[in-house]
Amino acid sequence: MYKRIRDLMDKHDMNQTQVAKFLGMSQTGYSKYETGENDLPTAVLIKLVRLYNTSIDYLLGETDEIKRYP
């Protein structure tokens with residue numbers, strides 16, 4: 001899951017600071033999600049799905065298809 005989060009950030013030409021700002025948190029706090037040091041809370045997972053226009057299944061590794069959020 002953590003690699004997918006990083007890959008999506010890169011694909012959308014964003015950096016950790018921009019994603020952290022979108023999530024309303026510090027860059028350091030966000031980087032701990034990206035490295036797997038901290039687990040992603042459900043609320044953050046949902047915000048990332050909306051930001052990247054993908055599915056929770058994709059972020060969690062349940063599918064390789066990047067589905068679009070309705």
# chains A, B, ... in the order shown; residues from 1 in each chain; ligands from 1
>>> residues_around(residues="Asp7 (chain A)", least_positions_apart="4", cutoff="12 Å", atoms="only C-alpha atoms", output="MDAnalysis selection string")
chainID A and resid 1:3 11:16 34 52 58:59 66
>>> residues_around(residues="Arg68 (chain A)", least_positions_apart="3", cutoff="9 Å", atoms="only C-alpha atoms", output="JSON, numbers by chain")
{"A": [49, 52, 53, 54, 55]}
>>> atom_distance(atom1="CA of Pro41 (chain A)", atom2="CA of Leu23 (chain A)")
11.5 Å
>>> closest_residue(among="A:Gly61, A:Gln18, A:Ile56, A:Lys67", to="Thr42 (chain A)", atoms="only C-alpha atoms")
A:Ile56
>>> atom_distance(atom1="CA of Tyr33 (chain A)", atom2="CA of Ala20 (chain A)")
10.4 Å
>>> closest_residue(among="A:Asp10, A:Thr17, A:Phe22, A:Glu65", to="Arg50 (chain A)", atoms="only C-alpha atoms")
A:Phe22
>>> atom_distance(atom1="CA of Leu51 (chain A)", atom2="CA of Leu8 (chain A)")
9.7 Å
>>> select_by_dssp(residues="chain A", states="helix (DSSP H, G or I)", output="PyMOL selection string")
chain A and resi 2-11+16-23+27-35+42-52+56-59
